[in-house]
Amino acid sequence: MKIKMLRPVVVLGFMTVAMVSCNNPSENKVENANEKVNEAKENVNKAMEEARQEWEKFRDEAREKIRDNEVKIEKFKEKMENGNEKDKAKYRKRIGELETKNNELRRKIDEYKYENESAWQEFKREFNHDMDELGRAIDDIFKDNVK
C-alpha cells in the first residue's frame, strides 16, 4: 500500500524535474538579454531627457544674457544721445559692432542643433567664451564713457 502511494509521488517528482530541466537555458539567456536591452533603452531615454533639459536651461540662460546685453546697449545709446557730437561719433561704430555680435550670438543659440555630446560641449564652451567677451566689451564701453 505504501508503494502504491509512493509511486505517484516519485512520478510527480520526476515530472517536476523534467519540467524544470526542460526550461531551456537559451531561453533564460534571451530573457536576460531582453531585460538588459530594456534597461539600456531606459538609460538612453533618461540620458536624452537630461541632455534636453540641460540644453533648454542653457538656451534660456543665454537668451536672458542676450536680452540683458540689449538693455545695456539701449541704456548706453540713451546716455550717448546726451553727449557731444565727438563722443557720439566715437561710440556709434562701437555700439554697432556690439549689437551685431549680440545678434550673431542670438542666431547661433537659435539655430544650434544637437549632434553629439562632444560637439555640444565644444559649442557650449565657444558660446560662453563669446558671450563673456561681449559682456566685457559692453561693460568696458560704459567705463570708457565715464572717464
# chains A, B, ... in the order shown; residues from 1 in each chain; ligands from 1
call {"tool": "residues_around", "arguments": {"residues": "region 101-105 of chain A", "least_positions_apart": "2", "cutoff": "12 Å", "atoms": "only C-alpha atoms", "output": "PyMOL selection string"}}
result
chain A and resi 59+62-73+94-99+107-112+123-124+126-135+137-138
call {"tool": "residues_around", "arguments": {"residues": "region 78-83 of chain A", "least_positions_apart": "5", "cutoff": "9 Å", "atoms": "only C-alpha atoms", "output": "PyMOL selection string"}}
result
chain A and resi 73+88+91-92+145
call {"tool": "atom_distance", "arguments": {"atom1": "CA of Lys90 (chain A)", "atom2": "CA of Phe76 (chain A)"}}
result
12.8 Å
call {"tool": "atom_distance", "arguments": {"atom1": "CA of Trp55 (chain A)", "atom2": "CA of Glu117 (chain A)"}}
result
11.1 Å
